[in-house]
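Student: Enclosed is the structure file data37.cif (mmCIF, C-alpha atoms and all ligand atoms).
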data_final
loop_
_atom_site.label_atom_id
_atom_site.label_comp_id
_atom_site.auth_asym_id
_atom_site.auth_seq_id
_atom_site.Cartn_x
_atom_site.Cartn_y
_atom_site.Cartn_z
CA MET A 39 62.30 89.46 139.77
CA PRO A 40 65.11 88.60 142.21
CA ARG A 41 68.44 90.06 141.25
CA LYS A 42 69.95 86.61 140.71
CA HIS A 43 67.29 85.84 138.12
CA ILE A 44 67.87 89.10 136.31
CA LEU A 45 71.56 88.29 136.05
CA LEU A 46 70.78 84.78 134.87
CA THR A 47 68.38 86.15 132.28
CA LEU A 48 71.01 88.59 131.05
CA LEU A 49 73.53 85.77 130.84
CA VAL A 50 71.11 83.64 128.82
CA ILE A 51 70.41 86.55 126.49
CA ALA A 52 74.14 87.10 126.05
CA LEU A 53 74.70 83.41 125.29
CA LEU A 54 71.81 83.31 122.84
CA ASN A 55 73.38 86.19 120.99
CA LEU A 56 76.76 84.54 120.79
CA PRO A 57 76.35 82.87 117.41
CA THR A 58 75.54 86.19 115.78
CA MET A 59 78.66 87.79 117.18
CA PRO A 60 81.73 87.54 114.97
CA ALA A 61 83.68 84.50 116.03
CA PHE A 62 86.86 86.40 115.29
CA ALA A 63 86.29 89.28 117.70
CA GLY A 64 89.81 90.56 118.32
CA GLY A 65 91.46 87.98 116.08
CA TRP A 66 91.93 88.77 112.44
CA ALA A 67 94.80 88.69 110.05
CA VAL A 68 95.67 89.66 106.52
CA ALA A 69 96.82 86.96 104.11
CA THR A 70 98.96 88.24 101.25
CA LEU A 71 99.71 85.99 98.28
CA ASP A 72 103.33 86.31 97.11
CA ALA A 73 102.10 86.63 93.54
CA TRP A 74 98.96 86.12 91.55
CA PRO A 75 99.52 82.77 89.76
CA GLY A 76 100.06 83.04 86.03
CA ALA A 77 98.65 80.34 83.74
CA VAL A 78 97.17 77.58 85.94
CA VAL A 79 96.52 74.38 84.00
CA ALA A 80 94.17 71.58 85.11
CA GLY A 81 96.04 68.60 86.55
CA GLU A 82 99.35 70.52 86.88
CA PRO A 83 100.69 71.41 90.33
CA VAL A 84 100.82 75.09 91.20
CA GLU A 85 102.70 76.38 94.23
CA ILE A 86 101.01 79.13 96.24
CA GLY A 87 103.03 81.09 98.80
CA PHE A 88 101.63 83.63 101.21
CA ALA A 89 102.34 85.62 104.37
CA ILE A 90 99.92 85.97 107.29
CA ARG A 91 100.03 89.18 109.30
CA GLN A 92 97.99 89.69 112.43
CA HIS A 93 96.04 92.93 112.07
CA GLY A 94 98.02 93.31 108.87
CA VAL A 95 101.19 94.01 110.82
CA THR A 96 103.04 91.27 112.72
CA THR A 97 103.65 88.01 110.87
CA LEU A 98 102.02 85.03 112.57
CA GLU A 99 104.03 81.87 113.02
CA ALA A 100 103.06 78.24 113.69
CA LEU A 101 99.63 78.41 112.03
CA ALA A 102 98.08 75.54 110.10
CA PRO A 103 96.47 77.33 107.14
CA VAL A 104 94.16 75.48 104.77
CA ILE A 105 93.27 76.45 101.21
CA THR A 106 89.83 75.31 100.06
CA ALA A 107 88.76 75.47 96.42
CA THR A 108 85.38 74.86 94.80
CA HIS A 109 84.58 74.69 91.09
CA ARG A 110 81.87 77.24 90.23
CA GLU A 111 79.84 74.91 88.01
CA THR A 112 80.55 71.31 88.99
CA GLU A 113 81.02 72.17 92.68
CA ALA A 114 83.98 69.78 92.79
CA SER A 115 86.08 70.81 95.74
CA PHE A 116 89.29 70.04 97.55
CA ALA A 117 91.33 71.31 100.49
CA VAL A 118 95.09 71.47 100.94
CA ASP A 119 97.12 72.13 104.09
CA ALA A 120 99.84 74.74 103.81
CA VAL A 121 103.20 74.36 105.55
CA GLU A 122 105.32 77.09 107.10
CA ASP A 123 108.48 77.46 105.01
CA ALA A 124 109.82 80.61 106.74
CA PRO A 125 108.60 82.36 109.90
CA GLY A 126 105.10 83.67 109.17
CA HIS A 127 105.30 82.52 105.55
CA TYR A 128 103.44 79.49 104.22
CA SER A 129 103.14 77.53 101.01
CA ALA A 130 100.91 74.88 99.53
CA THR A 131 100.92 72.89 96.31
CA LEU A 132 97.54 72.76 94.64
CA ILE A 133 96.33 70.66 91.74
CA PHE A 134 93.09 71.89 90.24
CA PRO A 135 91.55 68.74 88.74
CA GLU A 136 89.44 70.44 86.06
CA ALA A 137 89.35 73.55 83.91
CA GLY A 138 86.97 76.42 84.63
CA GLU A 139 86.32 79.05 87.26
CA TRP A 140 87.31 78.18 90.80
CA ASP A 141 86.33 79.97 93.98
CA TRP A 142 89.00 79.51 96.61
CA MET A 143 89.82 80.82 100.03
CA LEU A 144 92.37 80.74 102.77
CA THR A 145 91.63 79.79 106.36
CA ALA A 146 94.47 80.65 108.68
CA PHE A 147 93.57 82.95 111.55
CA GLY A 148 90.20 84.60 112.08
CA PRO A 149 87.62 84.65 109.31
CA ASP A 150 88.15 82.87 105.98
CA GLN A 151 89.76 85.12 103.42
CA PRO A 152 88.30 84.65 99.93
CA LEU A 153 90.76 84.84 97.04
CA PRO A 154 89.93 86.24 93.60
CA THR A 155 88.19 83.78 91.27
CA LEU A 156 90.80 81.72 89.44
CA THR A 157 90.37 80.60 85.84
CA VAL A 158 91.99 77.20 85.32
CA LEU A 159 92.98 76.34 81.75
CA PRO A 160 92.19 73.00 80.05
CA GLU A 161 94.68 70.16 80.52
CA ASP A 162 96.41 70.38 77.15
CA THR A 163 97.23 74.11 77.44
CA ASP A 164 100.90 75.02 77.19
CA PRO A 165 101.51 77.20 80.27
CA GLU A 166 104.58 78.74 78.61
CA ALA A 167 102.63 79.95 75.58
CA THR A 168 102.62 83.73 75.34
CA PRO A 169 99.12 84.95 76.11
CA GLU A 170 97.44 87.08 73.47
CA ALA A 171 98.03 90.80 73.94
CA PRO A 172 94.94 92.38 75.50
CA ASP A 173 92.86 94.72 73.29
CA ASP A 174 92.97 97.38 75.96
CA PRO A 175 96.23 97.16 77.95
CA ASP A 176 95.17 99.88 80.44
CA ALA A 177 91.94 98.07 81.26
CA ALA A 178 93.84 94.78 81.59
CA LEU A 179 96.31 96.37 84.01
CA ALA A 180 93.48 97.84 86.10
CA GLU A 181 91.80 94.43 86.12
CA LEU A 182 94.99 92.82 87.41
CA GLY A 183 95.05 95.57 90.04
CA ALA A 184 91.52 94.62 91.16
CA THR A 185 92.64 90.99 91.47
CA LEU A 186 95.68 92.03 93.51
CA PHE A 187 93.53 94.27 95.71
CA VAL A 188 91.92 91.05 96.95
CA ALA A 189 94.90 88.64 96.63
CA LYS A 190 97.21 90.94 98.59
CA GLY A 191 94.65 91.51 101.35
CA CYS A 192 93.98 95.23 100.75
CA ALA A 193 90.27 94.38 100.75
CA VAL A 194 90.52 93.12 104.33
CA CYS A 195 91.03 96.75 105.44
CA HIS A 196 89.60 98.81 102.55
CA GLU A 197 86.16 98.74 100.98
CA HIS A 198 86.10 99.21 97.21
CA ASN A 199 83.10 98.93 94.86
CA GLY A 200 85.34 97.43 92.19
CA VAL A 201 85.78 94.15 94.08
CA GLU A 202 83.45 91.69 95.76
CA PHE A 203 84.70 91.20 99.26
CA GLU A 204 83.22 91.35 102.71
CA LEU A 205 85.49 93.61 104.70
CA PHE A 206 86.40 92.14 108.09
CA ALA A 207 89.12 94.29 109.63
CA SER A 208 87.85 95.59 112.94
CA ASN A 209 90.75 97.90 113.71
CA ASN A 210 93.62 99.28 111.59
CA ARG A 211 90.84 99.72 109.07
CA GLY A 212 91.62 102.09 106.24
CA PRO A 213 89.38 104.52 104.36
CA GLU A 214 86.90 103.40 101.69
CA LEU A 215 88.69 103.64 98.35
CA SER A 216 85.84 103.35 95.80
CA ASP A 217 86.03 107.02 94.82
CA TYR A 218 89.67 107.42 95.71
CA SER A 219 92.33 108.48 93.27
CA GLY A 220 95.84 109.67 93.97
CA ASP A 221 98.98 111.03 92.39
CA PRO A 222 100.80 108.00 90.88
CA ASP A 223 104.19 109.04 92.32
CA PHE A 224 102.72 109.45 95.79
CA LEU A 225 100.92 106.12 95.50
CA ALA A 226 104.03 104.33 94.28
CA GLN A 227 105.85 105.40 97.45
CA TRP A 228 102.85 104.82 99.70
CA LEU A 229 102.24 101.27 98.50
CA ALA A 230 105.94 100.35 98.53
CA ASP A 231 106.46 101.56 102.10
CA PRO A 232 103.64 103.45 103.84
CA ALA A 233 105.75 104.19 106.92
CA SER A 234 108.26 106.09 104.77
CA VAL A 235 105.46 108.57 104.06
CA ASP A 236 103.83 108.55 107.48
CA PRO A 237 105.78 106.85 110.30
CA SER A 238 102.64 106.56 112.45
CA THR A 239 100.47 104.90 109.81
CA ALA A 240 98.52 101.73 110.52
CA MET A 241 98.87 100.67 106.90
CA PRO A 242 101.35 97.79 106.54
CA ASP A 243 104.14 97.27 104.05
CA LEU A 244 102.88 94.22 102.15
CA ASP A 245 106.11 93.60 100.21
CA LEU A 246 104.66 94.51 96.83
CA ASP A 247 106.86 94.50 93.76
CA GLU A 248 106.94 97.28 91.15
CA GLY A 249 104.65 95.55 88.66
CA GLU A 250 102.06 94.87 91.36
CA ILE A 251 102.20 98.49 92.51
CA GLU A 252 101.71 99.68 88.94
CA ALA A 253 98.62 97.47 88.55
CA LEU A 254 97.18 98.57 91.90
CA ILE A 255 97.62 102.24 90.97
CA ALA A 256 95.89 101.60 87.62
CA PHE A 257 93.00 100.00 89.52
CA LEU A 258 92.74 102.76 92.16
CA ASN A 259 92.89 105.51 89.55
CA ALA A 260 90.77 103.72 86.91
CA ASP A 261 87.71 105.94 87.27
CA ALA A 262 89.68 109.11 87.91
CA GLU A 263 89.58 111.97 85.45
CA PRO A 264 92.88 112.09 83.57
CA ALA A 265 95.23 114.70 85.05
CA GLU A 266 95.25 118.06 83.23
C1 LIG A 301 95.87 96.33 107.94
C2 LIG A 301 94.99 97.21 107.21
C3 LIG A 301 95.42 97.71 105.85
C4 LIG A 301 95.77 96.97 104.75
C5 LIG A 301 95.93 95.45 104.65
C6 LIG A 301 95.95 97.91 103.68
N1 LIG A 301 95.72 99.18 104.11
FE1 LIG A 301 95.70 100.87 102.97
N2 LIG A 301 95.39 102.01 104.62
C7 LIG A 301 95.17 101.51 105.90
C8 LIG A 301 94.96 102.62 106.81
C9 LIG A 301 94.68 102.51 108.30
C10 LIG A 301 95.02 103.80 106.02
C11 LIG A 301 94.83 105.25 106.50
C12 LIG A 301 96.09 105.99 106.55
C13 LIG A 301 96.79 105.91 107.87
O1 LIG A 301 96.30 105.39 108.85
O2 LIG A 301 97.91 106.38 107.93
C14 LIG A 301 95.28 103.38 104.65
C15 LIG A 301 95.41 104.25 103.58
C16 LIG A 301 95.46 103.85 102.25
C17 LIG A 301 95.39 104.74 101.11
C18 LIG A 301 95.23 106.25 101.18
C19 LIG A 301 96.58 106.94 101.14
C20 LIG A 301 96.46 108.45 101.18
O3 LIG A 301 96.84 109.02 102.21
O4 LIG A 301 95.99 109.04 100.19
C21 LIG A 301 95.48 103.97 99.99
C22 LIG A 301 95.43 104.42 98.56
C23 LIG A 301 95.61 102.59 100.43
N3 LIG A 301 95.60 102.57 101.81
C24 LIG A 301 95.73 101.51 99.57
C25 LIG A 301 95.97 100.20 100.00
C26 LIG A 301 96.28 99.09 99.11
C27 LIG A 301 96.34 99.16 97.59
C28 LIG A 301 96.47 97.99 99.90
C29 LIG A 301 96.90 96.61 99.48
C30 LIG A 301 98.14 96.50 98.76
C31 LIG A 301 96.25 98.40 101.29
N4 LIG A 301 95.96 99.74 101.29
C32 LIG A 301 96.32 97.55 102.39
C33 LIG A 301 95.13 100.18 106.26
C34 LIG A 301 95.40 99.10 105.44
#
Can the structure from this file be put into structure tokens for me?
Tutor:
Amino acid sequence: MPRKHILLTLLVIALLNLPTMPAFAGGWAVATLDAWPGAVVAGEPVEIGFAIRQHGVTTLEALAPVITATHRETEASFAVDAVEDAPGHYSATLIFPEAGEWDWMLTAFGPDQPLPTLTVLPEDTDPEATPEAPDDPDAALAELGATLFVAKGCAVCHEHNGVEFELFASNNRGPELSDYSGDPDFLAQWLADPASVDPSTAMPDLDLDEGEIEALIAFLNADAEPAE
């Protein structure tokens, strides 16, 4: 085969393979919700704020993020554009039209980032009502930690069996954490400011508050043997 044809054939093969290659090669970012929303009631507006960090590190400005939500059972769905309210920080007001479980995700830069399933309460629920105390507070805290592990974007860089999430970080990727457990004091410092522990780390400071850190530690250490 003449050389030109070989090159052409290779080019065609490369092009044919394109759709199977990740569309986000080189471009990925971590979305971090400011907070996991408390009681969300059908028909009531809920404000969602989040930061977008390229490769988990530098905040990305001037994006046009979209939040898409789909009801698990009825498949009702809607999409809302977010606006930038501070450099690299965005917010959107969502109204979930009906009660039930909603799958939702954020599209901002690179692949869509799924958010943890959200349970929307029926229209007549009083959002201020004090929720019933959980039977097992430790398990409830660890469960909140699992939710935050996805909502804060940890799952973009870290695999963990305790959450459903398709990891997509291609670099800056951290270790698998399914069997991980760590000293709570170390973890509290690490999660609050990784660079204060290791100045050369690729793990970002995601602006977590104390309560979030406590829940994340409970999740990470959930299966660990209690310390002697
Ligand atoms: C941008 C990618 C990225 C994100 C997002 C990220 N991490 Fe990491 N993480 C890393 C990397 C990389 C390491 C490996 C340590 C290093 O490079 O210094 C790491 C290490 C860790 C460790 C091991 C610490 C140790 O030395 O024992 C824990 C635990 C951890 N991360 C938890 C989290 C949690 C919880 C979140 C979300 C709040 C998170 N990470 C978000 C990249 C990330």
Student: Between A:Val84, A:Val78, A:Ala193, A:Ile105, which has the minimum distance to Phe206 in chain A (counting only C-alpha atoms)?
Tutor: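 Checking each candidate against Phe206 in chain A, we get A:Ala193 as the closest.
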Student: Counting all atoms listed in the file, which residue out of A:Phe116, A:Gln151, A:Phe257, A:Thr157 sits closest to Leu205 in chain A?
Tutor: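 So, comparing all the options, the nearest one is A:Gln151.
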Student: Closest to ligand LIG 301 (chain A) among A:Leu71, A:Ala137, A:Ala178, A:Ala80, using all atoms listed in the file?
Tutor: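 Of all the options, A:Leu71 lies closest to ligand LIG 301 (chain A).
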Student: Which residues are near ligand LIG 301 (chain A) in this structure, taking near to mean any atom at most 6 Å from a ligand atom and counting only C-alpha atoms and all ligand atoms? Format them as a list in words.
Tutor: His93, Gly94, Phe187, Lys190, Gly191, Cys192, Val194, Cys195, Asn210, Arg211, Gly212, Pro213, Thr239, Ala240, Met241, Pro242 and Leu254 of chain A
Student: Nearest to Asp176 in chain A: which of A:Thr97, A:Ser234, A:Thr155, A:Asn259 is it, counting only C-alpha atoms?
Tutor: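 With only C-alpha atoms as the atom set, the closest residue is A:Asn259.
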Student: Determine the nearest neighbour of Leu225 in chain A from the options A:Ala124, A:Ala117, A:Leu258, A:Ala73, counting all atoms listed in the file.
Tutor: A:Leu258
Student: Show which residues sit within 12 Å of Arg110 in chain A, as a PyMOL selection string. Count only C-alpha atoms, and ignore same-chain residues fewer than 2 positions away.
Tutor: chain A and resi 107-108+112-115+136-142+155-158
Student: Could you tell me which of A:Glu197, A:Arg91, A:His127, A:Ala230 comes closest to Asp72 in chain A if we count all atoms listed in the file?
Tutor: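 Answer, going by the shortest atom-to-atom distance: A:His127.
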Student: To one decimal place in Å, what is the distance between CA of Ala146 in chain A and CA of Ala233 in chain A?
Tutor: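 We find that CA of Ala146 in chain A and CA of Ala233 in chain A lie 26.2 Å from each other.
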Student: Between CA of Pro149 in chain A and CA of Gly65 in chain A, measure the distance and give it in Å to one decimal.
Tutor: 8.5 Å
Student: Could you work out how far CA of Ala89 in chain A lies from CA of Leu153 in chain A, giving the answer in Å with one decimal?
Tutor: 13.7 Å
Student: For range 89-95 of chain A, I'd like the enclosing box, axis-aligned and padded by 3 Å on every side, reported as JSON with centre and edge lengths in Å to one decimal.
Tutor:
{"center_x": 99.2, "center_y": 89.8, "center_z": 108.4, "size_x": 12.3, "size_y": 14.4, "size_z": 14.1}
Student: Any idea what's packed within 8 Å of Leu132 in chain A, counting all atoms listed in the file, ignoring anything in its chain fewer than 2 positions away? Could you give it as number ranges by chain?
Tutor: A: 83-86, 118, 130, 134
Student: Residues at most 10 Å from Pro222 in chain A, counting only C-alpha atoms, excluding those fewer than 4 positions away in the same chain, as a list in words?
Tutor: Ala226, Gln227, Trp228, Ile251, Glu252, Ile255, Ala256, Leu258 and Asn259 of chain A
